[in-house]
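All remarks here apply to the structure that follows.
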Amino acid sequence: MEINIQKRVLQKNETEADKNRNWFRDQKVFVLNMMSSPGSGKTETLCKTLGKLMPEIRVGVIVGDVCTTNDADRLQVTGAKVTQINTDQFGGDCHLAAHLIEDSARKLGCEDLDLLIVENIGNLVCPAEFDIGEDARAVVLSVTEGEDKPLKYPLMFQVADAAILNKIDLLPYLDFDAPLAVENMKNVHPGMPVFEISAKTEEGFEPWLSWLRTKVKEKLG
Amino acid sequence: MHEMGIAEQLVQIALDAIPEDMENPRVEILNLRIGKLASVVEHSLTFCLEIVTKDTPLEGVRLVIEEVPIVIRCQSCSREWEADTPMFKCPDCSDAKVTLISGREIEISSMELAD
Ligand SMILES: Nc1nc2c(ncn2[C@@H]2O[C@H](COP(=O)(O)OP(=O)(O)OP(=O)(O)O)[C@@H](O)[C@H]2O)c(=O)[nH]1
Ligand SMILES: [Mg+2]
Ligand SMILES: [Zn+2]
């Protein structure tokens with residue numbers, strides 16, 4: 001006997017993400033989901049970004065890692081409100097699901113925030129599948145990873161609203177073809193802004209900060 | 001590996017769809033639709049399903065997967081095409097934004113129960 005079902009398998013997460021989105025709207029906070037492979041520089045980029053956005057924009061961060069609180073400790077120094085999710089309590093998951101974000105965002109409190117940034121688990125595959133109720137997604141790729149990453153992980157680059165090409169201070173020492181990397185990103189996602197930066201030297205930050213400020217303003221009105 | 005989460009959801013959805021009055025139900029086949037752009041690795045999913053279906057009416061279930069093509073539409077000229085490679089630029093409008101019409105699906109369409 002065949003039984004007709006017709007359901008999206010991740011429906012439960014999508015429902016929870018929509019619930020988060022409504023709550024974030026009520027709280028008047030813009031939510032950015034930051035994703036990348038391990039070590040591309042999400043935490044470093046965020047540390048520098050927070051330093052430049054605050055105190056004009058009030059920022060909070062939820063940082064996900066399989067274990068350790070190292071990243072939370074680094075981000076705390078900027079003065080932002082920070083909370084850590086360690087997924088090893090949940091079976092070492094490779095992404096943050098919507099219900100985990102709900103718990104952390106409520107614990108952190110969003111009423112005094114304009115911008116909530118979620119640093120997702122370092123992984124270019126799984127986080128792309130899981131909506132957390134965010135307003136925008138940014139993907140970070142670093143120049144030590146290979147120009148073809150966007151073609152190998154097209155979903156991540158297709159669902160991102162902006163991309164950061166990080167660690168450009170290292171370009172003189174590498175054979176990395178930065179224009180090719182940018183072209184690959186734009187092939188997967190035509191029209192997506194790509195910001196070439198160095199989180200170490202802070203080169204190239206202004207266009208990225210301006211994109212983020214505009215997004216936050218658009219939502220908060 | 002998010003295939004474990006997907007396997008758990010699949011089992012939940014299938015169990016919910018079994019008619020209540022059925023005695024000793026046994027699910028033999030799950031018919032899925034998976035987009036070519038979705039990050040689901042079939043052998044990981046099969047492996048995870050074997051674990052999570054143990055001692056359930058789905059034990060030994062077989063997956064039949066229909067692959068859904070990636071279809072892109074240009075927001076500027078409305079041209080629609082199937083993409084076989086991750087090159088989603090409109091050939092006519094270069095940097096114009098595009099919409100993903102299909103290719104991200106992770107869906108269960110039906111299941112087959114033993115009589
Ligand atoms: N040279 C150089 N090094 C950088 C830059 N950005 C980050 N790094 C270094 O790269 C390493 C990883 O940076 P993180 O910011 O921890 O990367 P991440 O993406 O947060 O890593 P996970 O959270 O583990 O996934 C650190 O040693 C940083 O100091 C950069 O722009 N230039
Ligand atoms: Mg980090
Ligand atoms: Zn076009």
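For the structure tokens, the naming scheme is as follows: chains receive sequential letters (A, B, ...) according to their order of presentation, residues are indexed from 1 within each chain, and ligands are indexed from 1 in presentation order.
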
Env of region 67-76 of chain A: 9 Å cut, atoms = only C-alpha atoms, seq-sep filter 4 positions within chain, self excluded. Answer as a list in words. Thr43, Glu44, Leu46, Cys47, Leu50, Val61, Ile62, Val63, Ala80, Lys81, Val82, Thr83, Gln84, Ile85, Asn86, Thr87, Asp88, Gln89 and Gly92 of chain A

Enumerate as a PyMOL selection string the residues within 12 Å of ligand 3, counting only C-alpha atoms and all ligand atoms. (chain A and resi 190) or (chain B and resi 72-81+88-99)

Would you export the selected residues with N, CA, C and O atoms as an mmCIF file, in the first residue's frame, please?
data_model
loop_
_atom_site.group_PDB
_atom_site.id
_atom_site.type_symbol
_atom_site.label_atom_id
_atom_site.label_comp_id
_atom_site.auth_asym_id
_atom_site.auth_seq_id
_atom_site.Cartn_x
_atom_site.Cartn_y
_atom_site.Cartn_z
ATOM 1 N N PRO A 190 25.254 35.290 -8.915
ATOM 2 C CA PRO A 190 25.402 36.558 -9.631
ATOM 3 C C PRO A 190 24.827 37.717 -8.809
ATOM 4 O O PRO A 190 23.769 37.583 -8.198
ATOM 5 N N ILE B 72 17.159 27.475 -12.794
ATOM 6 C CA ILE B 72 17.469 28.862 -12.462
ATOM 7 C C ILE B 72 16.610 29.786 -13.327
ATOM 8 O O ILE B 72 16.386 29.485 -14.493
ATOM 9 N N ARG B 73 16.152 30.903 -12.724
ATOM 10 C CA ARG B 73 15.469 31.915 -13.531
ATOM 11 C C ARG B 73 16.167 33.265 -13.348
ATOM 12 O O ARG B 73 16.471 33.669 -12.225
ATOM 13 N N CYS B 74 16.401 33.930 -14.465
ATOM 14 C CA CYS B 74 17.024 35.251 -14.423
ATOM 15 C C CYS B 74 15.974 36.288 -14.015
ATOM 16 O O CYS B 74 14.887 36.327 -14.591
ATOM 17 N N GLN B 75 16.293 37.106 -13.009
ATOM 18 C CA GLN B 75 15.325 38.106 -12.535
ATOM 19 C C GLN B 75 15.207 39.275 -13.509
ATOM 20 O O GLN B 75 14.259 40.055 -13.435
ATOM 21 N N SER B 76 16.174 39.358 -14.423
ATOM 22 C CA SER B 76 16.141 40.477 -15.351
ATOM 23 C C SER B 76 15.363 40.141 -16.632
ATOM 24 O O SER B 76 14.464 40.874 -17.032
ATOM 25 N N CYS B 77 15.678 38.990 -17.278
ATOM 26 C CA CYS B 77 15.026 38.694 -18.558
ATOM 27 C C CYS B 77 14.044 37.516 -18.459
ATOM 28 O O CYS B 77 13.448 37.125 -19.470
ATOM 29 N N SER B 78 13.887 36.943 -17.253
ATOM 30 C CA SER B 78 12.938 35.841 -17.004
ATOM 31 C C SER B 78 13.271 34.534 -17.714
ATOM 32 O O SER B 78 12.469 33.602 -17.690
ATOM 33 N N ARG B 79 14.431 34.480 -18.350
ATOM 34 C CA ARG B 79 14.857 33.236 -18.980
ATOM 35 C C ARG B 79 15.023 32.156 -17.907
ATOM 36 O O ARG B 79 15.493 32.425 -16.806
ATOM 37 N N GLU B 80 14.605 30.929 -18.226
ATOM 38 C CA GLU B 80 14.724 29.837 -17.266
ATOM 39 C C GLU B 80 15.556 28.719 -17.868
ATOM 40 O O GLU B 80 15.376 28.389 -19.031
ATOM 41 N N TRP B 81 16.461 28.136 -17.102
ATOM 42 C CA TRP B 81 17.264 27.052 -17.656
ATOM 43 C C TRP B 81 17.685 26.071 -16.571
ATOM 44 O O TRP B 81 17.645 26.386 -15.389
ATOM 45 N N PHE B 88 25.656 29.769 -12.390
ATOM 46 C CA PHE B 88 24.259 30.186 -12.384
ATOM 47 C C PHE B 88 24.048 31.570 -12.993
ATOM 48 O O PHE B 88 22.996 32.177 -12.826
ATOM 49 N N LYS B 89 25.055 32.067 -13.727
ATOM 50 C CA LYS B 89 24.927 33.371 -14.374
ATOM 51 C C LYS B 89 24.032 33.289 -15.590
ATOM 52 O O LYS B 89 24.128 32.328 -16.356
ATOM 53 N N CYS B 90 23.200 34.305 -15.787
ATOM 54 C CA CYS B 90 22.408 34.334 -17.008
ATOM 55 C C CYS B 90 23.345 34.601 -18.185
ATOM 56 O O CYS B 90 24.137 35.545 -18.156
ATOM 57 N N PRO B 91 23.263 33.782 -19.243
ATOM 58 C CA PRO B 91 24.167 33.983 -20.382
ATOM 59 C C PRO B 91 23.945 35.333 -21.075
ATOM 60 O O PRO B 91 24.855 35.846 -21.747
ATOM 61 N N ASP B 92 22.753 35.917 -20.892
ATOM 62 C CA ASP B 92 22.464 37.193 -21.552
ATOM 63 C C ASP B 92 22.694 38.406 -20.655
ATOM 64 O O ASP B 92 22.981 39.486 -21.142
ATOM 65 N N CYS B 93 22.495 38.226 -19.349
ATOM 66 C CA CYS B 93 22.470 39.412 -18.472
ATOM 67 C C CYS B 93 23.589 39.439 -17.426
ATOM 68 O O CYS B 93 23.492 40.152 -16.428
ATOM 69 N N SER B 94 24.609 38.657 -17.590
ATOM 70 C CA SER B 94 25.780 38.531 -16.704
ATOM 71 C C SER B 94 25.484 38.690 -15.211
ATOM 72 O O SER B 94 25.136 37.733 -14.558
ATOM 73 N N ASP B 95 25.583 39.902 -14.666
ATOM 74 C CA ASP B 95 25.532 40.044 -13.216
ATOM 75 C C ASP B 95 24.120 40.145 -12.621
ATOM 76 O O ASP B 95 23.966 40.344 -11.422
ATOM 77 N N ALA B 96 23.090 39.998 -13.462
ATOM 78 C CA ALA B 96 21.725 40.114 -12.956
ATOM 79 C C ALA B 96 21.456 39.020 -11.921
ATOM 80 O O ALA B 96 21.990 37.922 -12.004
ATOM 81 N N LYS B 97 20.625 39.333 -10.929
ATOM 82 C CA LYS B 97 20.283 38.345 -9.894
ATOM 83 C C LYS B 97 19.467 37.215 -10.507
ATOM 84 O O LYS B 97 18.736 37.424 -11.475
ATOM 85 N N VAL B 98 19.602 36.041 -9.913
ATOM 86 C CA VAL B 98 18.831 34.898 -10.391
ATOM 87 C C VAL B 98 18.047 34.294 -9.224
ATOM 88 O O VAL B 98 18.387 34.512 -8.069
ATOM 89 N N THR B 99 17.002 33.570 -9.549
ATOM 90 C CA THR B 99 16.214 32.882 -8.531
ATOM 91 C C THR B 99 16.372 31.384 -8.737
ATOM 92 O O THR B 99 16.339 30.908 -9.870
#

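Relative to CA of Asp114 (chain A), CA of Lys28 (chain A) is found at 6.8 Å.
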
Please return as a PyMOL selection string the residues found within 6 Å of ligand 1, counting only C-alpha atoms and all ligand atoms. chain A and resi 37-44+122+166-167+169-170+198-200

Limited to N, CA, C and O atoms, could you put the picked residues into a file as a PDB file, in the first residue's frame?
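part_14.pdb was written with the following content:
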ATOM      1  N   SER A  37      34.285  27.707   6.403  1.00  0.00           N
ATOM      2  CA  SER A  37      35.001  26.509   6.860  1.00  0.00           C
ATOM      3  C   SER A  37      35.724  26.852   8.164  1.00  0.00           C
ATOM      4  O   SER A  37      35.902  28.025   8.480  1.00  0.00           O
ATOM      5  N   PRO A  38      36.195  25.841   8.886  1.00  0.00           N
ATOM      6  CA  PRO A  38      36.942  26.127  10.113  1.00  0.00           C
ATOM      7  C   PRO A  38      38.167  26.974   9.804  1.00  0.00           C
ATOM      8  O   PRO A  38      38.882  26.708   8.849  1.00  0.00           O
ATOM      9  N   GLY A  39      38.370  28.032  10.573  1.00  0.00           N
ATOM     10  CA  GLY A  39      39.609  28.795  10.486  1.00  0.00           C
ATOM     11  C   GLY A  39      39.689  29.843   9.390  1.00  0.00           C
ATOM     12  O   GLY A  39      40.744  30.419   9.155  1.00  0.00           O
ATOM     13  N   SER A  40      38.579  30.159   8.700  1.00  0.00           N
ATOM     14  CA  SER A  40      38.619  31.172   7.631  1.00  0.00           C
ATOM     15  C   SER A  40      38.734  32.583   8.192  1.00  0.00           C
ATOM     16  O   SER A  40      39.073  33.514   7.470  1.00  0.00           O
ATOM     17  N   GLY A  41      38.403  32.704   9.477  1.00  0.00           N
ATOM     18  CA  GLY A  41      38.548  34.022  10.109  1.00  0.00           C
ATOM     19  C   GLY A  41      37.233  34.661  10.531  1.00  0.00           C
ATOM     20  O   GLY A  41      37.154  35.884  10.615  1.00  0.00           O
ATOM     21  N   LYS A  42      36.217  33.868  10.822  1.00  0.00           N
ATOM     22  CA  LYS A  42      34.936  34.428  11.283  1.00  0.00           C
ATOM     23  C   LYS A  42      35.132  35.219  12.572  1.00  0.00           C
ATOM     24  O   LYS A  42      34.704  36.367  12.674  1.00  0.00           O
ATOM     25  N   THR A  43      35.781  34.597  13.555  1.00  0.00           N
ATOM     26  CA  THR A  43      35.926  35.250  14.855  1.00  0.00           C
ATOM     27  C   THR A  43      36.785  36.505  14.740  1.00  0.00           C
ATOM     28  O   THR A  43      36.431  37.560  15.272  1.00  0.00           O
ATOM     29  N   GLU A  44      37.896  36.409  13.993  1.00  0.00           N
ATOM     30  CA  GLU A  44      38.793  37.564  13.831  1.00  0.00           C
ATOM     31  C   GLU A  44      38.053  38.712  13.125  1.00  0.00           C
ATOM     32  O   GLU A  44      38.136  39.864  13.530  1.00  0.00           O
ATOM     33  N   GLY A 122      32.096  26.034  12.120  1.00  0.00           N
ATOM     34  CA  GLY A 122      32.951  26.027  10.931  1.00  0.00           C
ATOM     35  C   GLY A 122      32.650  24.829  10.046  1.00  0.00           C
ATOM     36  O   GLY A 122      32.977  23.693  10.375  1.00  0.00           O
ATOM     37  N   ASN A 166      38.733  36.725   2.893  1.00  0.00           N
ATOM     38  CA  ASN A 166      39.564  37.186   4.014  1.00  0.00           C
ATOM     39  C   ASN A 166      41.037  36.779   3.851  1.00  0.00           C
ATOM     40  O   ASN A 166      41.359  35.919   3.045  1.00  0.00           O
ATOM     41  N   LYS A 167      41.869  37.395   4.648  1.00  0.00           N
ATOM     42  CA  LYS A 167      43.318  37.142   4.733  1.00  0.00           C
ATOM     43  C   LYS A 167      44.051  37.622   3.482  1.00  0.00           C
ATOM     44  O   LYS A 167      45.041  37.015   3.063  1.00  0.00           O
ATOM     45  N   ASP A 169      45.972  39.928   3.236  1.00  0.00           N
ATOM     46  CA  ASP A 169      47.358  40.304   3.572  1.00  0.00           C
ATOM     47  C   ASP A 169      48.346  39.195   3.203  1.00  0.00           C
ATOM     48  O   ASP A 169      49.539  39.445   3.030  1.00  0.00           O
ATOM     49  N   LEU A 170      47.835  37.962   3.043  1.00  0.00           N
ATOM     50  CA  LEU A 170      48.723  36.832   2.726  1.00  0.00           C
ATOM     51  C   LEU A 170      48.925  36.631   1.223  1.00  0.00           C
ATOM     52  O   LEU A 170      49.755  35.820   0.810  1.00  0.00           O
ATOM     53  N   SER A 198      41.271  42.014   4.996  1.00  0.00           N
ATOM     54  CA  SER A 198      42.185  41.328   5.901  1.00  0.00           C
ATOM     55  C   SER A 198      41.740  41.658   7.318  1.00  0.00           C
ATOM     56  O   SER A 198      41.782  42.817   7.739  1.00  0.00           O
ATOM     57  N   ALA A 199      41.293  40.636   8.026  1.00  0.00           N
ATOM     58  CA  ALA A 199      40.866  40.854   9.414  1.00  0.00           C
ATOM     59  C   ALA A 199      42.086  41.177  10.269  1.00  0.00           C
ATOM     60  O   ALA A 199      41.968  41.754  11.343  1.00  0.00           O
ATOM     61  N   LYS A 200      43.269  40.816   9.766  1.00  0.00           N
ATOM     62  CA  LYS A 200      44.486  41.093  10.533  1.00  0.00           C
ATOM     63  C   LYS A 200      44.862  42.571  10.427  1.00  0.00           C
ATOM     64  O   LYS A 200      45.031  43.240  11.435  1.00  0.00           O
TER      65      LYS A 200
END

Output as JSON, numbers by chain the set of chain A residues within 10 Å of chain B, with distances taken over only C-alpha atoms. {"A": [1, 2, 3, 4, 5, 6, 7, 8, 9, 10, 11, 12, 13, 92, 93, 94, 95, 123, 124, 125, 126, 127, 128, 129, 130, 150, 151, 152, 153, 154, 155, 156, 158, 159, 184, 185, 186, 187, 188, 189, 190, 191, 192]}

12 Å contact set for Val59 (chain A), only C-alpha atoms, chain neighbours under 4 positions out, as a PyMOL selection string: chain A and resi 29-32+46-47+49-55+75-76+78-83+108-118+212-213+216
